[in-house]
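Pasted below: protein21.tsv, TSV, C-alpha atoms.
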```tsv
chain	number	residue	atom	x	y	z
P	14	MET	CA	30.23	-8.98	2.41
P	15	SER	CA	28.19	-12.18	2.42
P	16	ILE	CA	24.52	-12.98	1.71
P	17	VAL	CA	22.97	-15.12	4.44
P	18	ASP	CA	19.54	-16.49	5.26
P	19	LEU	CA	17.62	-14.15	7.60
P	20	ARG	CA	16.82	-17.14	9.79
P	21	GLN	CA	20.51	-17.34	10.71
P	22	LEU	CA	20.42	-13.89	12.35
P	23	ASN	CA	19.26	-12.52	15.67
P	24	SER	CA	17.44	-9.24	16.11
P	25	ARG	CA	20.51	-7.44	17.50
P	26	GLN	CA	22.37	-7.96	14.23
P	27	ILE	CA	19.64	-6.31	12.17
P	28	GLU	CA	18.32	-3.74	14.66
P	29	PRO	CA	20.65	-0.84	13.62
P	30	LEU	CA	19.65	-1.32	9.98
P	31	LEU	CA	15.94	-1.28	10.86
P	32	ALA	CA	16.40	1.89	12.93
P	33	GLU	CA	18.05	3.53	9.93
P	34	GLU	CA	15.23	2.41	7.65
P	35	ALA	CA	12.63	3.80	10.08
P	36	GLN	CA	14.37	7.17	9.93
P	37	ARG	CA	14.19	7.20	6.13
P	38	TRP	CA	10.44	6.44	6.22
P	39	ARG	CA	9.94	9.25	8.73
P	40	GLU	CA	12.04	11.85	6.91
P	41	GLU	CA	11.00	11.14	3.34
P	42	LEU	CA	7.39	9.95	3.71
P	43	ARG	CA	6.33	11.26	7.16
P	44	TRP	CA	5.49	7.67	8.08
P	45	ASP	CA	6.24	6.15	11.48
P	46	TYR	CA	7.25	2.69	10.30
P	47	ARG	CA	8.55	1.47	13.66
P	48	SER	CA	5.61	-0.82	14.45
P	49	SER	CA	6.08	-2.72	11.17
P	50	LEU	CA	9.83	-2.94	11.73
P	51	ASP	CA	9.27	-4.14	15.29
P	52	LEU	CA	7.26	-7.03	13.84
P	53	ILE	CA	10.13	-7.81	11.47
P	54	LYS	CA	12.50	-7.79	14.43
P	55	LYS	CA	10.28	-10.23	16.35
P	56	PHE	CA	10.10	-12.62	13.40
P	57	VAL	CA	13.88	-12.43	12.95
P	58	GLU	CA	14.38	-13.23	16.62
P	59	ALA	CA	11.99	-16.18	16.27
P	60	ARG	CA	14.00	-17.38	13.23
P	61	SER	CA	10.80	-17.39	11.19
P	62	LEU	CA	11.24	-14.56	8.66
P	63	ALA	CA	11.99	-15.83	5.14
P	64	GLY	CA	14.53	-13.78	3.26
P	65	CYS	CA	18.20	-12.85	3.20
P	66	ALA	CA	20.62	-10.22	4.49
P	67	ALA	CA	23.93	-8.77	3.34
P	68	MET	CA	26.35	-9.01	6.26
P	69	GLU	CA	29.63	-7.27	7.04
P	70	ASP	CA	31.50	-7.78	10.32
P	71	GLY	CA	28.43	-9.31	11.95
P	72	GLN	CA	26.08	-6.42	11.13
P	73	ALA	CA	23.43	-6.20	8.40
P	74	ALA	CA	24.08	-3.81	5.51
P	75	GLY	CA	20.82	-4.67	3.77
P	76	TYR	CA	17.99	-7.18	3.83
P	77	ALA	CA	15.05	-8.49	1.84
P	78	PHE	CA	12.14	-10.62	3.01
P	79	TYR	CA	9.16	-12.33	1.45
P	80	VAL	CA	5.98	-14.15	2.37
P	81	ILE	CA	4.16	-16.91	0.51
P	82	GLU	CA	0.41	-16.66	0.12
P	83	GLU	CA	-1.17	-19.64	-1.59
P	84	HIS	CA	-0.01	-19.52	-5.23
P	85	LYS	CA	2.10	-16.38	-5.05
P	86	GLY	CA	5.09	-14.81	-3.37
P	87	LEU	CA	5.10	-11.27	-2.00
P	88	LEU	CA	8.32	-9.29	-1.69
P	89	GLY	CA	7.58	-7.56	1.59
P	90	GLY	CA	10.62	-5.31	1.83
P	91	LEU	CA	14.08	-4.53	0.48
P	92	TYR	CA	16.38	-2.00	2.09
P	93	VAL	CA	20.11	-1.33	1.79
P	94	SER	CA	21.98	1.22	3.90
P	95	PRO	CA	23.46	4.15	1.91
P	96	ARG	CA	26.72	3.47	3.77
P	97	PHE	CA	27.25	0.58	1.34
P	98	PRO	CA	27.01	0.13	-2.46
P	99	GLN	CA	23.23	0.14	-2.54
P	100	MET	CA	22.50	-0.89	-6.12
P	101	ALA	CA	24.94	-3.79	-6.16
P	102	LEU	CA	23.69	-5.15	-2.84
P	103	ALA	CA	20.04	-4.62	-3.81
P	104	ASN	CA	20.65	-6.67	-6.96
P	105	ASP	CA	22.30	-9.46	-4.95
P	106	LEU	CA	19.50	-9.54	-2.37
P	107	LEU	CA	16.77	-9.46	-5.00
P	108	THR	CA	18.43	-12.22	-7.05
P	109	ASN	CA	18.83	-14.44	-3.99
P	110	THR	CA	15.22	-13.90	-2.91
P	111	LEU	CA	13.76	-14.52	-6.36
P	112	GLU	CA	15.80	-17.67	-6.89
P	113	THR	CA	14.41	-19.02	-3.63
P	114	LEU	CA	10.82	-18.10	-4.48
P	115	ARG	CA	10.95	-19.47	-8.01
P	116	ALA	CA	12.23	-22.79	-6.69
P	117	VAL	CA	8.92	-23.30	-4.85
P	118	PRO	CA	6.94	-25.56	-7.23
P	119	TYR	CA	3.51	-23.98	-6.86
P	120	ILE	CA	4.57	-20.33	-7.05
P	121	GLY	CA	3.27	-18.95	-10.34
P	122	ARG	CA	3.23	-15.27	-9.45
P	123	ILE	CA	5.40	-12.83	-7.52
P	124	GLU	CA	4.29	-9.31	-6.56
P	125	ALA	CA	6.57	-6.51	-5.41
P	126	GLN	CA	5.82	-2.98	-4.23
P	127	LEU	CA	9.19	-1.82	-2.93
P	128	VAL	CA	9.68	1.75	-1.78
P	129	PRO	CA	13.23	2.81	-2.69
P	130	PHE	CA	15.46	4.86	-0.43
P	131	GLY	CA	18.62	5.94	-2.23
P	132	CYS	CA	18.41	3.61	-5.23
P	133	GLU	CA	15.76	2.55	-7.71
P	134	PHE	CA	14.72	-1.08	-8.19
P	135	ASP	CA	13.21	-0.73	-11.68
P	136	GLY	CA	16.21	-2.07	-13.57
P	137	ALA	CA	16.71	-5.00	-11.23
P	138	LEU	CA	13.03	-6.01	-11.35
P	139	SER	CA	12.91	-5.65	-15.13
P	140	LYS	CA	16.03	-7.80	-15.49
P	141	HIS	CA	14.24	-10.55	-13.57
P	142	GLY	CA	11.23	-10.49	-15.89
P	143	PHE	CA	8.84	-8.30	-13.89
P	144	HIS	CA	6.21	-6.19	-15.62
P	145	LEU	CA	6.54	-2.71	-14.11
P	146	TYR	CA	3.85	-0.26	-13.02
P	147	PRO	CA	5.18	3.17	-11.95
P	148	ARG	CA	3.38	4.56	-8.91
P	149	GLN	CA	3.34	7.88	-7.09
P	150	PHE	CA	3.41	8.65	-3.38
P	151	MET	CA	1.46	11.90	-2.90
P	152	LEU	CA	1.06	14.15	0.14
P	153	LEU	CA	-1.44	16.84	1.09
P	154	ASP	CA	-0.57	19.51	3.67
P	155	LEU	CA	-3.78	19.82	5.68
P	156	ASN	CA	-2.64	23.15	7.11
P	157	GLY	CA	-2.43	24.71	3.67
P	158	PRO	CA	-4.87	25.34	0.80
P	159	THR	CA	-6.60	22.24	-0.60
P	160	GLY	CA	-7.43	23.09	-4.18
P	161	ASN	CA	-11.15	22.75	-4.84
P	162	SER	CA	-12.06	20.96	-1.60
P	163	LYS	CA	-14.54	22.42	0.84
P	164	PRO	CA	-13.40	24.92	3.49
P	165	ASN	CA	-11.92	23.85	6.79
P	166	GLY	CA	-14.54	22.98	9.38
P	167	SER	CA	-17.36	21.95	7.05
P	168	SER	CA	-18.86	18.56	7.86
P	169	PRO	CA	-19.77	15.83	5.38
P	170	SER	CA	-23.35	15.89	4.16
P	171	THR	CA	-25.37	12.76	4.80
P	172	ASN	CA	-27.42	13.18	1.61
P	173	GLU	CA	-25.72	13.35	-1.77
P	174	PRO	CA	-27.28	15.01	-4.84
P	175	SER	CA	-27.09	11.56	-6.46
P	176	GLY	CA	-29.38	10.17	-3.76
P	177	LEU	CA	-26.53	8.32	-2.11
P	178	ARG	CA	-25.84	8.55	1.59
P	179	LEU	CA	-22.37	9.29	2.97
P	180	GLU	CA	-21.80	7.28	6.14
P	181	GLU	CA	-18.87	6.61	8.43
P	182	TRP	CA	-17.30	3.17	8.06
P	183	ASN	CA	-18.83	0.34	10.04
P	184	ASP	CA	-17.57	-3.24	10.23
P	185	ARG	CA	-20.93	-4.48	8.93
P	186	TYR	CA	-19.74	-3.23	5.52
P	187	PHE	CA	-16.85	-5.71	5.23
P	188	THR	CA	-18.61	-8.09	2.82
P	189	ALA	CA	-20.23	-5.34	0.74
P	190	CYS	CA	-16.91	-3.50	0.52
P	191	ALA	CA	-15.09	-6.65	-0.65
P	192	ARG	CA	-17.70	-7.01	-3.39
P	193	LEU	CA	-17.26	-3.35	-4.33
P	194	ILE	CA	-13.47	-3.73	-4.62
P	195	GLN	CA	-13.76	-6.83	-6.80
P	196	LEU	CA	-16.15	-5.07	-9.20
P	197	ALA	CA	-14.33	-1.74	-9.19
P	198	TYR	CA	-11.00	-3.33	-10.15
P	199	ALA	CA	-12.32	-6.01	-12.53
P	200	ASP	CA	-10.92	-4.20	-15.59
P	201	HIS	CA	-8.47	-1.90	-13.86
P	202	MET	CA	-4.68	-1.79	-13.93
P	203	ASP	CA	-4.54	-2.06	-10.13
P	204	GLY	CA	-6.11	-5.50	-10.43
P	205	GLU	CA	-2.96	-6.47	-12.31
P	206	ILE	CA	-0.74	-5.19	-9.50
P	207	ASN	CA	-2.64	-6.82	-6.63
P	208	ASP	CA	-4.51	-10.01	-7.49
P	209	GLN	CA	-6.41	-9.89	-4.18
P	210	TYR	CA	-8.64	-7.34	-5.89
P	211	ARG	CA	-9.79	-9.97	-8.41
P	212	SER	CA	-12.02	-11.96	-6.08
P	213	GLU	CA	-14.37	-11.17	-3.23
P	214	GLU	CA	-12.45	-13.56	-0.97
P	215	GLY	CA	-9.13	-11.90	-1.80
P	216	ALA	CA	-10.58	-8.41	-1.33
P	217	LEU	CA	-11.90	-9.42	2.09
P	218	LYS	CA	-8.38	-10.54	3.11
P	219	PHE	CA	-7.02	-7.22	1.86
P	220	LEU	CA	-9.61	-5.28	3.87
P	221	LYS	CA	-8.86	-7.19	7.06
P	222	ASN	CA	-5.13	-6.53	6.57
P	223	ILE	CA	-5.52	-2.76	6.25
P	224	ILE	CA	-8.21	-2.38	8.92
P	225	MET	CA	-7.24	-4.92	11.58
P	226	LEU	CA	-3.44	-5.24	11.25
P	227	PRO	CA	-0.79	-2.54	11.94
P	228	GLY	CA	1.14	-2.79	8.65
P	229	CYS	CA	-0.69	0.19	7.14
P	230	GLY	CA	-0.98	2.17	10.35
P	231	GLN	CA	-3.84	2.52	12.83
P	232	PHE	CA	-7.21	2.43	11.10
P	233	GLN	CA	-9.22	5.65	11.46
P	234	GLN	CA	-12.93	4.85	11.41
P	235	ARG	CA	-13.83	8.52	11.82
P	236	ALA	CA	-11.97	9.38	8.57
P	237	SER	CA	-13.27	6.41	6.56
P	238	PHE	CA	-16.56	6.60	4.66
P	239	VAL	CA	-18.91	4.69	2.39
P	240	LEU	CA	-21.47	5.89	-0.13
P	241	ARG	CA	-24.62	3.82	-0.49
P	242	ALA	CA	-28.18	4.14	-1.72
P	243	PRO	CA	-30.85	4.39	1.01
P	244	HIS	CA	-32.32	1.03	2.06
P	245	SER	CA	-29.50	-0.84	0.30
P	246	HIS	CA	-26.57	-2.73	1.73
P	247	GLU	CA	-24.61	-2.44	-1.54
P	248	LEU	CA	-21.91	0.25	-1.65
P	249	ALA	CA	-21.34	2.75	-4.44
P	250	GLY	CA	-17.97	3.90	-3.09
P	251	VAL	CA	-15.56	3.69	-0.16
P	252	VAL	CA	-12.55	5.51	1.24
P	253	LEU	CA	-10.47	3.97	4.05
P	254	THR	CA	-7.81	5.84	6.00
P	255	SER	CA	-5.25	5.03	8.67
P	256	ALA	CA	-2.93	7.09	10.87
P	257	VAL	CA	0.69	6.32	9.99
P	258	ALA	CA	2.29	8.83	12.37
P	259	PRO	CA	0.98	11.36	14.90
P	260	GLY	CA	-1.13	13.78	12.88
P	261	VAL	CA	-0.47	12.04	9.55
P	262	GLY	CA	-3.16	10.06	7.73
P	263	HIS	CA	-2.79	7.69	4.79
P	264	THR	CA	-5.63	6.67	2.50
P	265	THR	CA	-5.27	2.91	2.10
P	266	GLN	CA	-8.19	2.40	-0.31
P	267	ILE	CA	-10.56	4.49	-2.38
P	268	CYS	CA	-12.78	3.12	-5.14
P	269	VAL	CA	-16.14	3.69	-6.79
P	270	MET	CA	-18.50	1.11	-8.28
P	271	PRO	CA	-18.64	0.92	-12.10
P	272	GLY	CA	-21.72	2.80	-13.24
P	273	TYR	CA	-21.18	5.43	-10.54
P	274	GLN	CA	-17.73	6.46	-11.77
P	275	ARG	CA	-16.98	9.86	-13.35
P	276	HIS	CA	-19.74	11.53	-11.32
P	277	GLY	CA	-17.56	13.16	-8.66
P	278	LEU	CA	-17.99	10.43	-6.02
P	279	GLY	CA	-14.24	9.86	-5.66
P	280	ARG	CA	-13.79	13.57	-4.98
P	281	ARG	CA	-16.65	13.52	-2.47
P	282	LEU	CA	-15.10	10.61	-0.59
P	283	ILE	CA	-11.60	12.05	-0.36
P	284	GLU	CA	-13.03	15.45	0.62
P	285	ALA	CA	-14.90	13.79	3.49
P	286	THR	CA	-11.62	12.27	4.69
P	287	ILE	CA	-9.83	15.63	4.42
P	288	GLN	CA	-12.55	17.38	6.40
P	289	SER	CA	-12.55	14.74	9.13
P	290	LEU	CA	-8.77	14.73	9.50
P	291	ARG	CA	-8.65	18.52	9.65
P	292	ALA	CA	-11.36	18.53	12.30
P	293	HIS	CA	-9.19	16.15	14.35
P	294	ARG	CA	-6.09	18.33	13.88
P	295	PHE	CA	-4.19	16.08	11.49
P	296	SER	CA	-1.47	17.93	9.62
P	297	ALA	CA	-1.07	15.78	6.50
P	298	LEU	CA	-2.68	13.08	4.37
P	299	SER	CA	-0.82	10.79	1.98
P	300	LEU	CA	-1.83	8.21	-0.59
P	301	THR	CA	-0.37	6.16	-3.43
P	302	VAL	CA	-1.67	6.01	-6.98
P	303	THR	CA	-0.64	4.20	-10.15
P	304	ALA	CA	0.84	6.82	-12.50
P	305	ALA	CA	-1.10	5.52	-15.53
P	306	ASN	CA	-4.36	6.21	-13.66
P	307	GLU	CA	-4.30	9.76	-14.98
P	308	ARG	CA	-7.82	10.73	-13.90
P	309	ALA	CA	-7.04	9.85	-10.29
P	310	VAL	CA	-3.70	11.68	-10.41
P	311	ARG	CA	-5.45	14.81	-11.76
P	312	LEU	CA	-8.13	14.58	-9.06
P	313	TYR	CA	-5.58	14.40	-6.24
P	314	ALA	CA	-3.52	17.24	-7.75
P	315	SER	CA	-6.65	19.42	-7.95
P	316	LEU	CA	-7.19	18.84	-4.23
P	317	GLY	CA	-3.66	19.98	-3.41
P	318	PHE	CA	-1.76	16.69	-3.25
P	319	THR	CA	1.81	16.83	-4.50
P	320	GLN	CA	4.06	13.96	-5.56
P	321	ILE	CA	6.88	13.44	-3.05
P	322	LYS	CA	8.22	10.09	-4.21
P	323	THR	CA	7.92	7.59	-7.04
P	324	PHE	CA	8.24	3.85	-6.78
P	325	THR	CA	7.48	0.85	-8.96
P	326	ALA	CA	5.10	-2.04	-8.49
P	327	GLY	CA	6.29	-5.18	-10.23
P	328	VAL	CA	4.56	-8.42	-11.19
P	329	TRP	CA	6.25	-11.61	-12.38
P	330	GLN	CA	4.30	-14.58	-13.68
P	331	SER	CA	5.72	-17.95	-14.62
P	332	ALA	CA	5.45	-19.15	-18.20
P	333	GLY	CA	2.04	-20.66	-18.88
P	334	VAL	CA	0.21	-18.47	-16.35
P	335	PRO	CA	-1.92	-16.04	-18.40
P	336	SER	CA	-1.79	-12.34	-17.60
P	337	ARG	CA	-4.98	-10.36	-17.17
P	338	ARG	CA	-3.27	-7.23	-18.43
P	339	THR	CA	-5.71	-4.94	-20.20
P	340	LEU	CA	-5.38	-1.70	-22.09
P	341	PHE	CA	-7.11	1.13	-20.26
P	342	SER	CA	-8.34	4.46	-21.49
```
Any chance you could put this one into structure tokens?
Amino acid sequence: MSIVDLRQLNSRQIEPLLAEEAQRWREELRWDYRSSLDLIKKFVEARSLAGCAAMEDGQAAGYAFYVIEEHKGLLGGLYVSPRFPQMALANDLLTNTLETLRAVPYIGRIEAQLVPFGCEFDGALSKHGFHLYPRQFMLLDLNGPTGNSKPNGSSPSTNEPSGLRLEEWNDRYFTACARLIQLAYADHMDGEINDQYRSEEGALKFLKNIIMLPGCGQFQQRASFVLRAPHSHELAGVVLTSAVAPGVGHTTQICVMPGYQRHGLGRRLIEATIQSLRAHRFSALSLTVTAANERAVRLYASLGFTQIKTFTAGVWQSAGVPSRRTLFS
């Protein structure tokens, strides 16, 4: 077994491993990950994907890749086939990748949100100095009962008791939504996990990634909503949803403006998504949530979501780069 640069491989050498990974996403998370893996395959074939692979007899047993975005590195994926010693190879791949990233002079931060299949990455990330944030992958069966949500077939109301209007997503809300995300996560643990949330410019990049690019599925405008006051372009809340497999939705973002929080707006937004997806014959809706965000976890559980997988977000910062970590109630 040898660890080699991904740019030394061709797509045929890694294709069986990617097919196996796609099957794990489908079976464990009900997520059709093939479009994302097809992109990985294209970048491998173009010799332009940064990362490494564990090779045996000319075939990949595992791989890791990363991207560099301004001052930070992003660990985009890490997968090892269960046909091999997963934990040992995952450690080798992670060590190789991090050594490469940390050698880049201007990299002061590395973020990782790695979904494990067969082995956990917590110990390996912790050993490399990452601060860990446990997260939950939750799923709602749209064909079953949905806790306290409204009955199947009811349509979202346009007028909220708070005076806010519930409207379907429109691209004219990009800038207002970026501002909402920045303010909503200003003192929130998720702003520690993803530093794009900390600025309006970063939030706008995040929005364009989840709405315009295929990495988080096919954006579903009809199941994505905003809450706003009449005659105002500012948003009080937003929920964005994509289709990640036939009949399976995934909420990629939900947040509420400070000052409007704890008034049931998050519930109203996710209920609107549930109603829309049911009306369009979707069978399931998934989302991810940071485990320490207990209010959000309780909300989703009350609506019928159940935890089907746990994973860990990790953040590493070089010495001298201050953390914005905050204690949250």
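Put simply, atom CA of P:Lys322 is 17.5 Å away from atom CA of P:Val93.
Distance-wise, atom CA of P:Thr303 and atom CA of P:Arg148 end up 4.2 Å apart.
Residue nearest P:Met68 within the list P:Thr265, P:Leu88, P:Asp105, P:Leu114: P:Asp105 [criterion: smallest interatomic distance, all atoms listed in the file].
For the pair atom CA of P:Asp200 and atom CA of P:Ala314, the separation is 24.0 Å.
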Please write out, as lines of an AutoDock Vina configuration file, where the centre of an axis-aligned box around all listed atoms of stretch 144-152 of chain P lies and how long its edges are, in Å to one decimal, after adding 8 Å on each side.
```
center_x = 3.8
center_y = 4.0
center_z = -7.7
size_x = 21.5
size_y = 36.3
size_z = 31.8
```
Fewer than 3 positions away in the same chain doesn't count, so skip those; otherwise give me all residues within 10 Å of P:Asp18, counting only C-alpha atoms, as number ranges by chain.
P: 21-22, 60, 62-67, 76-78, 109-110
List the neighbours of P:Phe143 out to 6 Å using all atoms listed in the file; skip same-chain residues closer than 2 positions along the sequence, and give me the result as an MDAnalysis selection string.
chainID P and resid 138:139 141 327:329
For stretch 273-279 of chain P, find every residue with an atom within 9 Å (counting only C-alpha atoms), except residues of its own chain fewer than 3 positions away, and show them as a ChimeraX atom specification.
/P:175,240,249-252,267-270,282-284,309,312
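The residue that comes closest to P:Tyr146, out of P:Asn306, P:Gln234, P:Thr325, P:Gln330 and on the basis of all atoms listed in the file, is P:Thr325.
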Nearest to P:Asp45, chosen from P:His84, P:Arg311, P:His263, P:Arg178, with only C-alpha atoms counted in the distances
P:His263
Show me, as a PyMOL selection string, the residues that have an atom within 9 Å of stretch 254-258 of chain P when counting all atoms listed in the file, minus same-chain residues fewer than 6 positions from it.
chain P and resi 39+43-46+223-224+229-238+264-267+286+298
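The neighbours of P:Ala137 here are the residues that come within 10 Å of it, using only C-alpha atoms and leaving out any residue fewer than 5 positions away in the same chain; they are Met100, Ala101, Ala103, Asn104, Asp105, Leu107, Thr108, Gly142 and Phe143 of chain P.
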